Structures are given as structure tokens and as C-alpha cells.
Amino acid sequence: MLIAYWLVGNRLRNSFLLAASIFFYAWGDGLYFVLLIFSILINYAFGILTAKHRDSSKGRLIIWLALVVNLGTLAWFKYATFIAQNINLILTFAGVAPVHSPNPHLPLGISFFTFQAIAYIADVYREEASPPQSLTQFALFMALFPKLAAGPIIRYGEVAKDLPLRKIDIGLCSSGVKKFVVGLGKKILIADTIAKTTGQIFMIPPQDLTSGIAWLGIVCYTLQLYFDFSGYSDMAIGLGRIFGFKIQENFNYPYIARSLTDFWRRWHISLSSWFRDYLFIPLSYALMTDRIRKKIADGKYKTNYRSVLSIFAVFTLCGLWHGAGYTFIAWGMMHGAILGVESLWLGKVIKKWNPLFQHAYLLIVVMMAWVFFRSPTVIGAFSYLKALFGFAAGPGLQYHVSLYLNNELLLALLVGIIGAMPLSKAIADYSEREPIRRFTPIAEVAFILLILVASFASLASSTFSPFIYQQF
Amino acid sequence: MNMTTLEKLSAVFCEVFDDEEIKLNPAMTANDVDGWDSLTHVNLIVAVEGKFGIRFAQKDLLTFKNVGDLLNCIERKLSEK
């Protein structure tokens, strides 16, 4: 497919890639590719209309319409069942007969391409972007298969220059290949290995857990989720480079962050920056009503509590974006609450701590929140937390830690922990040194090939597990 | 007091970020000012609007790539008054 891409002349390249992307979607999700096409067409129209009416009041109307259409579609496919279930809870409580709960299929990548479209239209409105010259280019922007299933959420500006024309750049291509293979290794060799243990531990009824097992489980999940998702992002970015697109990094060693605020500058960057630019800042600004401004002018509003409220609301919604369930909402609320407190006073306090305490704080906070992200139920999550902090009720013999520690897992965990730290710069510096330098290219190729071979060997001997984030 | 727009803006920054040492130049970005991040951006904008007696539109908020952009927008709003 790649060879065909290169052979096809520049003018046909986009159509070819677009066709391949649509095919990829249909292969993954059957007839739902029609929804993707619908989204492309309608958002292309919205983009052009918005550009035309930017400066009039019609422009605002168009934007709101675009928001309603995009979010409404997402809400239907993703949240209809959840909303119906909750309505039914209330109805049964009130003694009324429950409504029929719709159960729509969740189309592939809908959370991602919906957000991408909204960002595009907002950017056009803010004059940060102009609609592309052709529908094909816009369609390619929306449907590019590497990022279609699970992001990153690309901003139009990232690819605008490269959409019309891309020369074959061997340097970019080879960096793309390396990135892709590293991502593959992260996912297959590290994440999938650890996932086996995580799965086993989270299937144990939480009230039967022992402290040791609970800790092993959450440490495993913490590493698994990072390597799965960052691995997937690396593959998407790598493939993008091979096709001539420069997509931005989605992760920046999140687990070395020293505050939760810093964590979100490093984890799922394309999503957190989306929430910042398209929800948090507009919302915080809108909350600054004339009444509040008067208070500020009079010196009676020293702390911006509305901003804090905004953080909490945005992260609760971020939780909801991840899944139609109370565990995800709880996860979001936890992050929102702690981020709010950090912005109020905790952040300044933490800044003065010893780095060891900063890292410990971050890791504990993040891991406790992941318990909610992974647990099937909120109550289960609380039981899990109880087990973590030593109030385990579990019979020590039945589920003993040593039962779960095998060499494969330990190796994956070790590599994972080391890999979560930014060692590449240190390695890069080391490899520049004189006697080593001659071997660096060969070492690099050997390393990449090793990962590739090991990944395929691993894939061949097990069933293919879908990327965790694909369910979003 | 007849201050230039840049000087007036610097004063706002000093107040919002609690730092008397801040001296702005048009090329500066959020990376160059300690404490200026997405969480404090709105506070800064509201303070700027209050000090200059202007109001930005929602769509302007994120178009400021650096201090220079912010200055240009302020001057534009001032001339529209």
C-alpha cells in the first residue's frame, strides 16, 4: 500500500490515501463509514459557511448549529443508553414504567473525529484556519486512517500546509518507521504482557483482595495504560510521518510530572489541549460576568473561584468523554477537584517540596484515580481503594502476590518503569561519543528490527487485543 | 500619567502575576512569564480589559500568540472606542 502511495503521482496521492482510509474504516466498522462521510460533508459545509460569516452575527449562529449537530450525534451514539438507564432509575423510583433503552452501536473513533471537527470549525471562526481548497483535502484531514480509531486529535493547523502537496522526505519517513516500530513494541511487548495480569487482578471481587495484590494490580494498570495508549499514539504519528504529515506528540513522559497540573501537560496532550482551548478558556471567560468584573474592580474578588469551578466542570466532562459511566465521571471529578485545589494553593505548596515527594504525590494521586478508571463499578473502586490502604478483607492464601509474579511480567514491568522515564536524551548523548558513534546507526537498526521481530512473534502466539482507547 | 500601552500592560502583568520584575517585550510568550498558563490566562485577560476599559470578543482570546499580538488587539480596541 505504501509503495502504491509513493508510486502514485502527487495529484492522486490524497485521493488514494483517502480511499484507503475510508476502506480502513469500513473494514473496522462496516456500514458506519457512512456516518464518517456524513460528518465530513456537513463539517466541510459548516467550515465554509463559518469562514464566510465570521464577522456577522450569523457566524455565531452557525457555530452553535455546528456544535449542536456534532455533539448531538456524539451524544446519541455514545450516551443514549446511559441517559436512558438513568432516566429509568428515576422513573422506577417514581413508580412510573421505564422507557425503552436504545442501544446504538458506538461507531469507530466517533469521540475523536467529532472533537476534531469542532476544533476545526472553532479555528475557522477565530481566523486561525481557512477551509482547505478541496473537499478531498478536508476529507483526508478528517479520515486519515492512522489517527482515525484513537487519535491524536489533530488541529487543522498541524497539517494545513501538508494537505495539498507532500514531497517524499526520506528523513521523515525513516523517523516515522522508527516511531511506528517503537509504538508497536510498547503496545505488544509491554502493554499486552502486563494486561494479562491486570485483567486477572481486576476480575477478583474487590472485597477478596489483599493489599499486595491490589497494589500490584494498580501498578500494572498504570504502566499498561500508558504503554498501550502512548504506543498507539506513536504508531499513529509514525504512520503519519511516513505519509508526509507532521503530527504532534501526544505524550511527554507523564509519569515524571511533579504535580497533577503538570501531568495534564504531558498525558494525552491532544485531548487536554482540546479541552483547554475549546472548553475551559471559553467557559472561564464566559463566567466572568459584569457582576464579577465589578467585584474584581472593587477589589472584592481576590480568588477566581469561578475559574476553579470551570476546571472541575471541564474535567468532569473529560471523564464523561472517556466513557458513558459513573466510574469515568468519578475519575474526571477526582482530577478536576485536585487540579482545582492545586490552582488555589496546593500548587504553590508542592513547588517547595523535595522532588521525591513531588513524584510520590503525583504517582499516588494518578494511581488512585486510575482505580476508578479501570474498575467496573464505583463501589468496586472504593473497595479496591480500601484494599490498597490496608483494610483488605481478602484471604491471604487464595490470592497471594507471588502467584501473579512471573518472569515475563517482571521483565515487562521493569522495562516499563525504565521506559516511562525520559532516557532517550541520555542515550542520544551517550551515542554521540567517539568510539560508540560508529556503531550507533547499526545499533539503532538492530534495536528496531528486534522490536519488530519480537512483536510479530508475540502477536502470532496470542489473540490480537484491541487498543484500549478504541472504545472511546 | 502618560504611559505607553506596553508600559501599562507590563503593570497589569506585574499585578496579576504578583511580580514587580516583569518587563514585557512584544516577542514574549507564556513560556517567558512565570505563572502565565491556561489556568491564569483568563484572569490576565479580564485584568487587561478592566485596566484599559475594553472588551475582547470570545474569538480573540486564543489568538494571542505572544505579547505583541495582545498589544495589537488592545490598540485596535482602544481606537474603536
# chains A, B, ... in the order shown; residues from 1 in each chain; ligands from 1

call {"tool": "interface_residues", "arguments": {"of": "chain A", "to": "chain B", "cutoff": "8 Å", "atoms": "only C-alpha atoms", "output": "list in words"}}
result
Tyr125, Arg126, Glu128, Arg276, Asp277, Ile281, Pro282, Ser284, Tyr285, Met288, Arg293, Ala297, Asn304, Ser307 and Ser343 of chain A

call {"tool": "write_last_selection", "arguments": {"atoms": "all heavy atoms", "output": "compact mmCIF listing (two decimals), in the first residue's frame"}}
result
# COMPACT_ATOMS: atom_id res chain seq x y z
N TYR A 125 -13.54 29.96 12.69
CA TYR A 125 -14.25 31.12 13.23
C TYR A 125 -13.26 32.12 13.82
O TYR A 125 -13.43 33.32 13.68
CB TYR A 125 -15.24 30.66 14.29
CG TYR A 125 -16.08 31.78 14.88
CD1 TYR A 125 -16.99 32.47 14.08
CD2 TYR A 125 -15.97 32.13 16.21
CE1 TYR A 125 -17.77 33.49 14.62
CE2 TYR A 125 -16.74 33.14 16.75
CZ TYR A 125 -17.64 33.82 15.95
OH TYR A 125 -18.40 34.82 16.49
N ARG A 126 -12.24 31.61 14.50
CA ARG A 126 -11.27 32.50 15.13
C ARG A 126 -10.20 32.97 14.16
O ARG A 126 -9.22 33.58 14.55
CB ARG A 126 -10.55 31.76 16.26
CG ARG A 126 -11.41 31.48 17.45
CD ARG A 126 -10.66 30.58 18.41
NE ARG A 126 -11.47 30.23 19.56
CZ ARG A 126 -11.19 29.24 20.39
NH1 ARG A 126 -10.13 28.50 20.17
NH2 ARG A 126 -11.97 29.00 21.42
N GLU A 128 -8.01 31.33 12.74
CA GLU A 128 -6.75 30.60 12.88
C GLU A 128 -6.55 29.68 11.67
O GLU A 128 -5.48 29.17 11.45
CB GLU A 128 -6.78 29.71 14.12
CG GLU A 128 -7.05 30.44 15.40
CD GLU A 128 -5.77 30.98 15.98
OE1 GLU A 128 -5.00 30.19 16.55
OE2 GLU A 128 -5.53 32.19 15.87
N ARG A 276 -8.74 22.51 26.94
CA ARG A 276 -8.28 23.82 27.37
C ARG A 276 -8.72 24.90 26.39
O ARG A 276 -9.31 25.90 26.78
CB ARG A 276 -6.76 23.83 27.47
CG ARG A 276 -6.14 25.17 27.85
CD ARG A 276 -4.66 25.19 27.58
NE ARG A 276 -4.36 25.14 26.15
CZ ARG A 276 -3.23 24.67 25.62
NH1 ARG A 276 -2.27 24.20 26.40
NH2 ARG A 276 -3.05 24.65 24.32
N ASP A 277 -8.45 24.70 25.11
CA ASP A 277 -8.70 25.74 24.13
C ASP A 277 -10.16 25.87 23.72
O ASP A 277 -10.59 26.96 23.34
CB ASP A 277 -7.87 25.50 22.88
CG ASP A 277 -6.38 25.63 23.14
OD1 ASP A 277 -6.01 26.26 24.16
OD2 ASP A 277 -5.58 25.10 22.34
N ILE A 281 -11.11 27.62 28.44
CA ILE A 281 -10.91 29.06 28.32
C ILE A 281 -12.20 29.80 27.93
O ILE A 281 -12.56 30.79 28.56
CB ILE A 281 -9.72 29.38 27.39
CG1 ILE A 281 -8.44 28.97 28.12
CG2 ILE A 281 -9.66 30.85 27.01
CD1 ILE A 281 -7.15 29.32 27.43
N PRO A 282 -12.94 29.32 26.90
CA PRO A 282 -14.21 30.00 26.61
C PRO A 282 -15.17 29.99 27.79
O PRO A 282 -15.82 31.00 28.07
CB PRO A 282 -14.79 29.18 25.44
CG PRO A 282 -13.63 28.53 24.82
CD PRO A 282 -12.63 28.30 25.90
N SER A 284 -14.45 29.69 31.14
CA SER A 284 -13.98 30.57 32.20
C SER A 284 -14.23 32.02 31.85
O SER A 284 -14.62 32.81 32.71
CB SER A 284 -12.48 30.39 32.44
OG SER A 284 -12.16 29.05 32.64
N TYR A 285 -14.01 32.36 30.60
CA TYR A 285 -14.21 33.74 30.17
C TYR A 285 -15.67 34.13 30.24
O TYR A 285 -16.03 35.21 30.71
CB TYR A 285 -13.67 33.94 28.75
CG TYR A 285 -13.66 35.37 28.29
CD1 TYR A 285 -12.80 36.30 28.88
CD2 TYR A 285 -14.51 35.80 27.28
CE1 TYR A 285 -12.79 37.62 28.46
CE2 TYR A 285 -14.49 37.12 26.86
CZ TYR A 285 -13.63 38.01 27.44
OH TYR A 285 -13.63 39.31 27.01
N MET A 288 -17.01 35.12 33.54
CA MET A 288 -16.62 36.44 34.06
C MET A 288 -17.70 37.45 33.67
O MET A 288 -17.54 38.24 32.74
CB MET A 288 -15.27 36.85 33.45
CG MET A 288 -14.13 35.97 33.88
SD MET A 288 -13.61 36.29 35.56
CE MET A 288 -14.31 34.90 36.39
N ARG A 293 -16.90 41.14 37.27
CA ARG A 293 -15.86 42.11 36.90
C ARG A 293 -15.92 43.33 37.81
O ARG A 293 -14.90 43.91 38.17
CB ARG A 293 -16.07 42.57 35.45
CG ARG A 293 -15.64 41.53 34.45
CD ARG A 293 -16.19 41.88 33.07
NE ARG A 293 -16.00 40.79 32.14
CZ ARG A 293 -14.95 40.66 31.36
NH1 ARG A 293 -14.00 41.57 31.40
NH2 ARG A 293 -14.85 39.64 30.53
N ALA A 297 -12.97 44.80 40.07
CA ALA A 297 -12.54 46.20 40.04
C ALA A 297 -12.58 46.81 41.43
O ALA A 297 -11.75 47.65 41.77
CB ALA A 297 -13.43 46.98 39.08
N ASN A 304 -10.19 33.74 42.03
CA ASN A 304 -11.15 33.46 40.97
C ASN A 304 -11.80 32.10 41.17
O ASN A 304 -11.37 31.09 40.58
CB ASN A 304 -10.48 33.56 39.61
CG ASN A 304 -11.50 33.64 38.50
OD1 ASN A 304 -12.66 33.30 38.69
ND2 ASN A 304 -11.07 34.07 37.34
N SER A 307 -13.17 30.30 38.09
CA SER A 307 -12.19 29.59 37.30
C SER A 307 -12.01 28.17 37.84
O SER A 307 -11.89 27.21 37.09
CB SER A 307 -10.85 30.34 37.37
OG SER A 307 -10.15 30.19 36.19
N SER A 343 -4.67 24.70 41.88
CA SER A 343 -4.64 26.07 41.37
C SER A 343 -4.90 27.08 42.47
O SER A 343 -4.45 28.21 42.41
CB SER A 343 -5.64 26.24 40.23
OG SER A 343 -6.90 26.62 40.71

call {"tool": "residues_around", "arguments": {"residues": "Ile37 (chain A)", "least_positions_apart": "6", "cutoff": "9 Å", "atoms": "only C-alpha atoms", "output": "short mmCIF file (atom, residue, chain, number, x, y, z; two decimals) with N, CA and C atoms, in the first residue's frame"}}
result
data_model
loop_
_atom_site.label_atom_id
_atom_site.label_comp_id
_atom_site.auth_asym_id
_atom_site.auth_seq_id
_atom_site.Cartn_x
_atom_site.Cartn_y
_atom_site.Cartn_z
N ILE A 22 -10.96 5.38 4.11
CA ILE A 22 -12.37 5.01 4.17
C ILE A 22 -12.49 3.48 4.19
N ALA A 139 -11.56 15.95 3.66
CA ALA A 139 -11.92 14.58 3.98
C ALA A 139 -10.71 13.81 4.49
N ALA A 143 -10.35 11.91 7.90
CA ALA A 143 -10.39 10.45 7.87
C ALA A 143 -9.04 9.76 7.92
#

call {"tool": "atom_distance", "arguments": {"atom1": "CA of Val68 (chain A)", "atom2": "CA of Tyr305 (chain A)"}}
result
28.5 Å

call {"tool": "residues_around", "arguments": {"residues": "Ser10 (chain B)", "least_positions_apart": "3", "cutoff": "9 Å", "atoms": "only C-alpha atoms", "output": "JSON, numbers by chain"}}
result
{"B": [5, 6, 7, 13, 14, 15, 22, 23, 24, 25]}

call {"tool": "write_last_selection", "arguments": {"atoms": "C-alpha atoms", "output": "tab-separated table (two decimals), in the first residue's frame"}}
result
chain	number	residue	atom	x	y	z
B	5	THR	CA	0.41	50.84	26.07
B	6	LEU	CA	3.32	48.49	26.63
B	7	GLU	CA	4.15	50.06	29.96
B	13	PHE	CA	1.20	41.66	34.28
B	14	CYS	CA	3.09	42.67	37.42
B	15	GLU	CA	-0.19	42.87	39.29
B	22	ILE	CA	8.15	41.70	34.81
B	23	LYS	CA	9.23	43.79	31.82
B	24	LEU	CA	7.41	42.96	28.64
B	25	ASN	CA	8.57	42.99	25.07

call {"tool": "closest_residue", "arguments": {"among": "A:Gly157, A:Pro107, A:Pro98, A:Pro152", "to": "Tyr120 (chain A)", "atoms": "only C-alpha atoms"}}
result
A:Gly157

call {"tool": "residues_around", "arguments": {"residues": "Val181 (chain A)", "least_positions_apart": "3", "cutoff": "10 Å", "atoms": "only C-alpha atoms", "output": "list in words"}}
result
Gly176, Val177, Lys178, Leu184, Gly185, Lys186, Lys187, Gly231, Asp234, Met235, Gly238, Leu239, Phe447, Ile448, Leu449, Leu450, Ile451, Leu452, Val453 and Ser455 of chain A

call {"tool": "write_last_selection", "arguments": {"atoms": "all heavy atoms", "output": "compact mmCIF listing (two decimals), in the first residue's frame"}}
result
# COMPACT_ATOMS: atom_id res chain seq x y z
N GLY A 176 9.54 8.13 10.88
CA GLY A 176 8.20 7.57 11.05
C GLY A 176 8.23 6.07 11.27
O GLY A 176 7.53 5.54 12.13
N VAL A 177 9.07 5.40 10.50
CA VAL A 177 9.18 3.95 10.65
C VAL A 177 9.66 3.60 12.05
O VAL A 177 9.12 2.73 12.73
CB VAL A 177 10.13 3.36 9.59
CG1 VAL A 177 10.43 1.91 9.90
CG2 VAL A 177 9.53 3.48 8.20
N LYS A 178 10.70 4.32 12.49
CA LYS A 178 11.23 4.04 13.83
C LYS A 178 10.16 4.26 14.89
O LYS A 178 9.99 3.45 15.80
CB LYS A 178 12.43 4.96 14.12
CG LYS A 178 13.72 4.49 13.49
CD LYS A 178 14.89 5.36 13.91
CE LYS A 178 15.19 6.41 12.88
NZ LYS A 178 16.32 7.28 13.27
N LEU A 184 4.73 0.05 18.32
CA LEU A 184 4.27 -1.34 18.24
C LEU A 184 4.82 -2.13 19.41
O LEU A 184 4.11 -2.89 20.08
CB LEU A 184 4.71 -1.94 16.91
CG LEU A 184 4.20 -3.33 16.59
CD1 LEU A 184 2.70 -3.29 16.35
CD2 LEU A 184 4.91 -3.89 15.35
N GLY A 185 6.12 -1.96 19.66
CA GLY A 185 6.75 -2.66 20.78
C GLY A 185 6.13 -2.28 22.11
O GLY A 185 5.86 -3.13 22.96
N LYS A 186 5.87 -0.99 22.29
CA LYS A 186 5.26 -0.53 23.55
C LYS A 186 3.94 -1.24 23.77
O LYS A 186 3.62 -1.68 24.87
CB LYS A 186 4.98 0.97 23.46
CG LYS A 186 6.13 1.88 23.75
CD LYS A 186 5.59 3.30 23.73
CE LYS A 186 6.64 4.34 23.97
NZ LYS A 186 6.06 5.69 23.93
N LYS A 187 3.18 -1.35 22.69
CA LYS A 187 1.85 -1.93 22.82
C LYS A 187 1.92 -3.44 22.99
O LYS A 187 1.37 -4.00 23.94
CB LYS A 187 1.04 -1.52 21.58
CG LYS A 187 -0.11 -2.42 21.21
CD LYS A 187 -1.30 -2.27 22.11
CE LYS A 187 -2.42 -3.17 21.59
NZ LYS A 187 -3.42 -3.49 22.62
N GLY A 231 1.82 3.97 22.99
CA GLY A 231 2.28 3.12 21.90
C GLY A 231 1.40 3.30 20.69
O GLY A 231 1.89 3.46 19.56
N ASP A 234 2.14 6.64 19.17
CA ASP A 234 3.41 6.60 18.42
C ASP A 234 3.19 5.98 17.05
O ASP A 234 3.74 6.44 16.05
CB ASP A 234 4.46 5.77 19.17
CG ASP A 234 5.07 6.54 20.33
OD1 ASP A 234 4.82 7.76 20.44
OD2 ASP A 234 5.79 5.92 21.14
N MET A 235 2.41 4.92 17.01
CA MET A 235 2.15 4.27 15.73
C MET A 235 1.42 5.22 14.79
O MET A 235 1.73 5.33 13.60
CB MET A 235 1.36 2.98 15.92
CG MET A 235 2.19 1.86 16.50
SD MET A 235 1.41 0.27 16.27
CE MET A 235 0.63 0.08 17.84
N GLY A 238 3.86 7.93 13.76
CA GLY A 238 4.84 7.34 12.85
C GLY A 238 4.29 7.13 11.46
O GLY A 238 4.91 7.51 10.46
N LEU A 239 3.09 6.55 11.39
CA LEU A 239 2.46 6.36 10.08
C LEU A 239 2.21 7.70 9.41
O LEU A 239 2.42 7.86 8.20
CB LEU A 239 1.13 5.61 10.24
CG LEU A 239 1.22 4.10 10.35
CD1 LEU A 239 -0.15 3.53 10.66
CD2 LEU A 239 1.77 3.50 9.07
N PHE A 447 18.12 -2.59 16.97
CA PHE A 447 17.12 -2.41 18.02
C PHE A 447 15.71 -2.41 17.43
O PHE A 447 14.81 -3.09 17.92
CB PHE A 447 17.41 -1.09 18.74
CG PHE A 447 16.48 -0.76 19.86
CD1 PHE A 447 16.37 -1.60 20.96
CD2 PHE A 447 15.70 0.38 19.82
CE1 PHE A 447 15.51 -1.29 22.01
CE2 PHE A 447 14.84 0.69 20.86
CZ PHE A 447 14.75 -0.15 21.95
N ILE A 448 15.54 -1.65 16.34
CA ILE A 448 14.23 -1.57 15.71
C ILE A 448 13.81 -2.94 15.18
O ILE A 448 12.67 -3.37 15.37
CB ILE A 448 14.24 -0.53 14.57
CG1 ILE A 448 14.51 0.87 15.13
CG2 ILE A 448 12.94 -0.55 13.80
CD1 ILE A 448 13.42 1.40 16.02
N LEU A 449 14.73 -3.63 14.53
CA LEU A 449 14.40 -4.94 14.00
C LEU A 449 14.03 -5.91 15.11
O LEU A 449 13.11 -6.71 14.98
CB LEU A 449 15.59 -5.51 13.21
CG LEU A 449 15.70 -5.01 11.78
CD1 LEU A 449 16.95 -5.58 11.12
CD2 LEU A 449 14.46 -5.40 10.96
N LEU A 450 14.77 -5.81 16.22
CA LEU A 450 14.50 -6.69 17.36
C LEU A 450 13.07 -6.50 17.86
O LEU A 450 12.34 -7.46 18.08
CB LEU A 450 15.51 -6.39 18.47
CG LEU A 450 15.40 -7.26 19.72
CD1 LEU A 450 15.71 -8.70 19.38
CD2 LEU A 450 16.36 -6.78 20.80
N ILE A 451 12.70 -5.23 18.02
CA ILE A 451 11.35 -4.95 18.50
C ILE A 451 10.32 -5.50 17.50
O ILE A 451 9.31 -6.10 17.89
CB ILE A 451 11.11 -3.44 18.68
CG1 ILE A 451 12.06 -2.88 19.73
CG2 ILE A 451 9.67 -3.17 19.09
CD1 ILE A 451 11.88 -1.41 19.97
N LEU A 452 10.60 -5.26 16.22
CA LEU A 452 9.66 -5.70 15.19
C LEU A 452 9.47 -7.21 15.23
O LEU A 452 8.34 -7.72 15.25
CB LEU A 452 10.19 -5.25 13.83
CG LEU A 452 9.21 -5.20 12.67
CD1 LEU A 452 8.04 -4.31 13.03
CD2 LEU A 452 9.91 -4.66 11.43
N VAL A 453 10.58 -7.93 15.26
CA VAL A 453 10.51 -9.39 15.26
C VAL A 453 9.83 -9.89 16.52
O VAL A 453 8.93 -10.74 16.47
CB VAL A 453 11.93 -9.98 15.13
CG1 VAL A 453 11.90 -11.47 15.42
CG2 VAL A 453 12.48 -9.72 13.75
N SER A 455 7.73 -8.35 18.39
CA SER A 455 6.31 -8.02 18.37
C SER A 455 5.53 -9.00 17.53
O SER A 455 4.47 -9.47 17.93
CB SER A 455 6.10 -6.60 17.83
OG SER A 455 6.76 -5.68 18.63

call {"tool": "select_by_dssp", "arguments": {"residues": "region 266-412 of chain A", "states": "alpha helix (DSSP H)", "output": "MDAnalysis selection string"}}
result
chainID A and resid 269:275 281:286 290:297 305:322 326:341 347:351 355:374 378:388 401:404 407:412

call {"tool": "atom_distance", "arguments": {"atom1": "CA of Thr81 (chain A)", "atom2": "CA of Ser111 (chain A)"}}
result
15.8 Å

call {"tool": "atom_distance", "arguments": {"atom1": "CA of Asn70 (chain A)", "atom2": "CA of Phe46 (chain A)"}}
result
10.7 Å

call {"tool": "closest_residue", "arguments": {"among": "A:Lys196, A:Ala286, A:Lys302, A:His335", "to": "Phe56 (chain B)", "atoms": "only C-alpha atoms"}}
result
A:Ala286

call {"tool": "decode", "arguments": {"residues": "region 31-41 of chain B", "atoms": "all heavy atoms", "output": "PDB file, in the first residue's frame"}}
result
ATOM      1  N   ASN B  31       5.579  31.187  27.833  1.00  0.00           N
ATOM      2  CA  ASN B  31       6.737  30.462  28.358  1.00  0.00           C
ATOM      3  C   ASN B  31       7.696  31.377  29.116  1.00  0.00           C
ATOM      4  O   ASN B  31       8.482  30.923  29.933  1.00  0.00           O
ATOM      5  CB  ASN B  31       7.522  29.801  27.217  1.00  0.00           C
ATOM      6  CG  ASN B  31       6.732  28.669  26.576  1.00  0.00           C
ATOM      7  OD1 ASN B  31       5.887  28.058  27.221  1.00  0.00           O
ATOM      8  ND2 ASN B  31       6.979  28.424  25.312  1.00  0.00           N
ATOM      9  N   ASP B  32       7.642  32.681  28.764  1.00  0.00           N
ATOM     10  CA  ASP B  32       8.610  33.607  29.350  1.00  0.00           C
ATOM     11  C   ASP B  32       8.125  34.249  30.637  1.00  0.00           C
ATOM     12  O   ASP B  32       8.884  34.965  31.283  1.00  0.00           O
ATOM     13  CB  ASP B  32       8.928  34.724  28.334  1.00  0.00           C
ATOM     14  CG  ASP B  32       9.397  34.153  27.010  1.00  0.00           C
ATOM     15  OD1 ASP B  32      10.276  33.272  27.053  1.00  0.00           O
ATOM     16  OD2 ASP B  32       8.887  34.576  25.964  1.00  0.00           O
ATOM     17  N   VAL B  33       6.860  34.032  30.979  1.00  0.00           N
ATOM     18  CA  VAL B  33       6.332  34.652  32.194  1.00  0.00           C
ATOM     19  C   VAL B  33       5.926  33.564  33.175  1.00  0.00           C
ATOM     20  O   VAL B  33       5.068  32.740  32.880  1.00  0.00           O
ATOM     21  CB  VAL B  33       5.104  35.538  31.876  1.00  0.00           C
ATOM     22  CG1 VAL B  33       4.559  36.163  33.143  1.00  0.00           C
ATOM     23  CG2 VAL B  33       5.487  36.609  30.861  1.00  0.00           C
ATOM     24  N   ASP B  34       6.549  33.603  34.339  1.00  0.00           N
ATOM     25  CA  ASP B  34       6.277  32.584  35.343  1.00  0.00           C
ATOM     26  C   ASP B  34       4.860  32.725  35.877  1.00  0.00           C
ATOM     27  O   ASP B  34       4.491  33.759  36.421  1.00  0.00           O
ATOM     28  CB  ASP B  34       7.290  32.740  36.499  1.00  0.00           C
ATOM     29  CG  ASP B  34       7.340  31.499  37.360  1.00  0.00           C
ATOM     30  OD1 ASP B  34       6.911  30.433  36.879  1.00  0.00           O
ATOM     31  OD2 ASP B  34       7.785  31.593  38.518  1.00  0.00           O
ATOM     32  N   GLY B  35       4.067  31.688  35.726  1.00  0.00           N
ATOM     33  CA  GLY B  35       2.718  31.738  36.255  1.00  0.00           C
ATOM     34  C   GLY B  35       1.661  31.962  35.187  1.00  0.00           C
ATOM     35  O   GLY B  35       0.466  31.824  35.444  1.00  0.00           O
ATOM     36  N   TRP B  36       2.093  32.309  33.984  1.00  0.00           N
ATOM     37  CA  TRP B  36       1.141  32.538  32.895  1.00  0.00           C
ATOM     38  C   TRP B  36       0.892  31.218  32.183  1.00  0.00           C
ATOM     39  O   TRP B  36       1.695  30.768  31.400  1.00  0.00           O
ATOM     40  CB  TRP B  36       1.691  33.580  31.926  1.00  0.00           C
ATOM     41  CG  TRP B  36       0.755  33.961  30.824  1.00  0.00           C
ATOM     42  CD1 TRP B  36      -0.566  33.637  30.713  1.00  0.00           C
ATOM     43  CD2 TRP B  36       1.064  34.741  29.681  1.00  0.00           C
ATOM     44  NE1 TRP B  36      -1.089  34.172  29.564  1.00  0.00           N
ATOM     45  CE2 TRP B  36      -0.119  34.859  28.912  1.00  0.00           C
ATOM     46  CE3 TRP B  36       2.226  35.379  29.222  1.00  0.00           C
ATOM     47  CZ2 TRP B  36      -0.171  35.571  27.706  1.00  0.00           C
ATOM     48  CZ3 TRP B  36       2.171  36.083  28.019  1.00  0.00           C
ATOM     49  CH2 TRP B  36       0.979  36.177  27.273  1.00  0.00           C
ATOM     50  N   ASP B  37      -0.233  30.595  32.504  1.00  0.00           N
ATOM     51  CA  ASP B  37      -0.600  29.362  31.816  1.00  0.00           C
ATOM     52  C   ASP B  37      -2.090  29.409  31.509  1.00  0.00           C
ATOM     53  O   ASP B  37      -2.735  30.422  31.738  1.00  0.00           O
ATOM     54  CB  ASP B  37      -0.232  28.135  32.668  1.00  0.00           C
ATOM     55  CG  ASP B  37      -0.887  28.170  34.031  1.00  0.00           C
ATOM     56  OD1 ASP B  37      -1.958  28.805  34.181  1.00  0.00           O
ATOM     57  OD2 ASP B  37      -0.346  27.576  34.980  1.00  0.00           O
ATOM     58  N   SER B  38      -2.615  28.324  31.021  1.00  0.00           N
ATOM     59  CA  SER B  38      -4.018  28.340  30.616  1.00  0.00           C
ATOM     60  C   SER B  38      -4.937  28.661  31.783  1.00  0.00           C
ATOM     61  O   SER B  38      -5.983  29.281  31.605  1.00  0.00           O
ATOM     62  CB  SER B  38      -4.410  27.014  29.982  1.00  0.00           C
ATOM     63  OG  SER B  38      -3.924  25.956  30.763  1.00  0.00           O
ATOM     64  N   LEU B  39      -4.524  28.243  32.996  1.00  0.00           N
ATOM     65  CA  LEU B  39      -5.396  28.483  34.145  1.00  0.00           C
ATOM     66  C   LEU B  39      -5.450  29.963  34.503  1.00  0.00           C
ATOM     67  O   LEU B  39      -6.459  30.460  34.988  1.00  0.00           O
ATOM     68  CB  LEU B  39      -4.914  27.670  35.357  1.00  0.00           C
ATOM     69  CG  LEU B  39      -4.956  26.145  35.172  1.00  0.00           C
ATOM     70  CD1 LEU B  39      -4.546  25.438  36.444  1.00  0.00           C
ATOM     71  CD2 LEU B  39      -6.342  25.686  34.760  1.00  0.00           C
ATOM     72  N   THR B  40      -4.363  30.691  34.286  1.00  0.00           N
ATOM     73  CA  THR B  40      -4.334  32.102  34.664  1.00  0.00           C
ATOM     74  C   THR B  40      -4.599  33.037  33.482  1.00  0.00           C
ATOM     75  O   THR B  40      -4.742  34.237  33.655  1.00  0.00           O
ATOM     76  CB  THR B  40      -2.976  32.485  35.287  1.00  0.00           C
ATOM     77  OG1 THR B  40      -1.942  32.061  34.399  1.00  0.00           O
ATOM     78  CG2 THR B  40      -2.804  31.810  36.632  1.00  0.00           C
ATOM     79  N   HIS B  41      -4.655  32.461  32.278  1.00  0.00           N
ATOM     80  CA  HIS B  41      -4.822  33.286  31.070  1.00  0.00           C
ATOM     81  C   HIS B  41      -6.063  34.158  31.164  1.00  0.00           C
ATOM     82  O   HIS B  41      -6.037  35.348  30.832  1.00  0.00           O
ATOM     83  CB  HIS B  41      -4.897  32.379  29.830  1.00  0.00           C
ATOM     84  CG  HIS B  41      -4.941  33.107  28.540  1.00  0.00           C
ATOM     85  ND1 HIS B  41      -3.854  33.819  28.045  1.00  0.00           N
ATOM     86  CD2 HIS B  41      -5.918  33.265  27.618  1.00  0.00           C
ATOM     87  CE1 HIS B  41      -4.172  34.353  26.879  1.00  0.00           C
ATOM     88  NE2 HIS B  41      -5.414  34.035  26.594  1.00  0.00           N
TER      89      HIS B  41
END
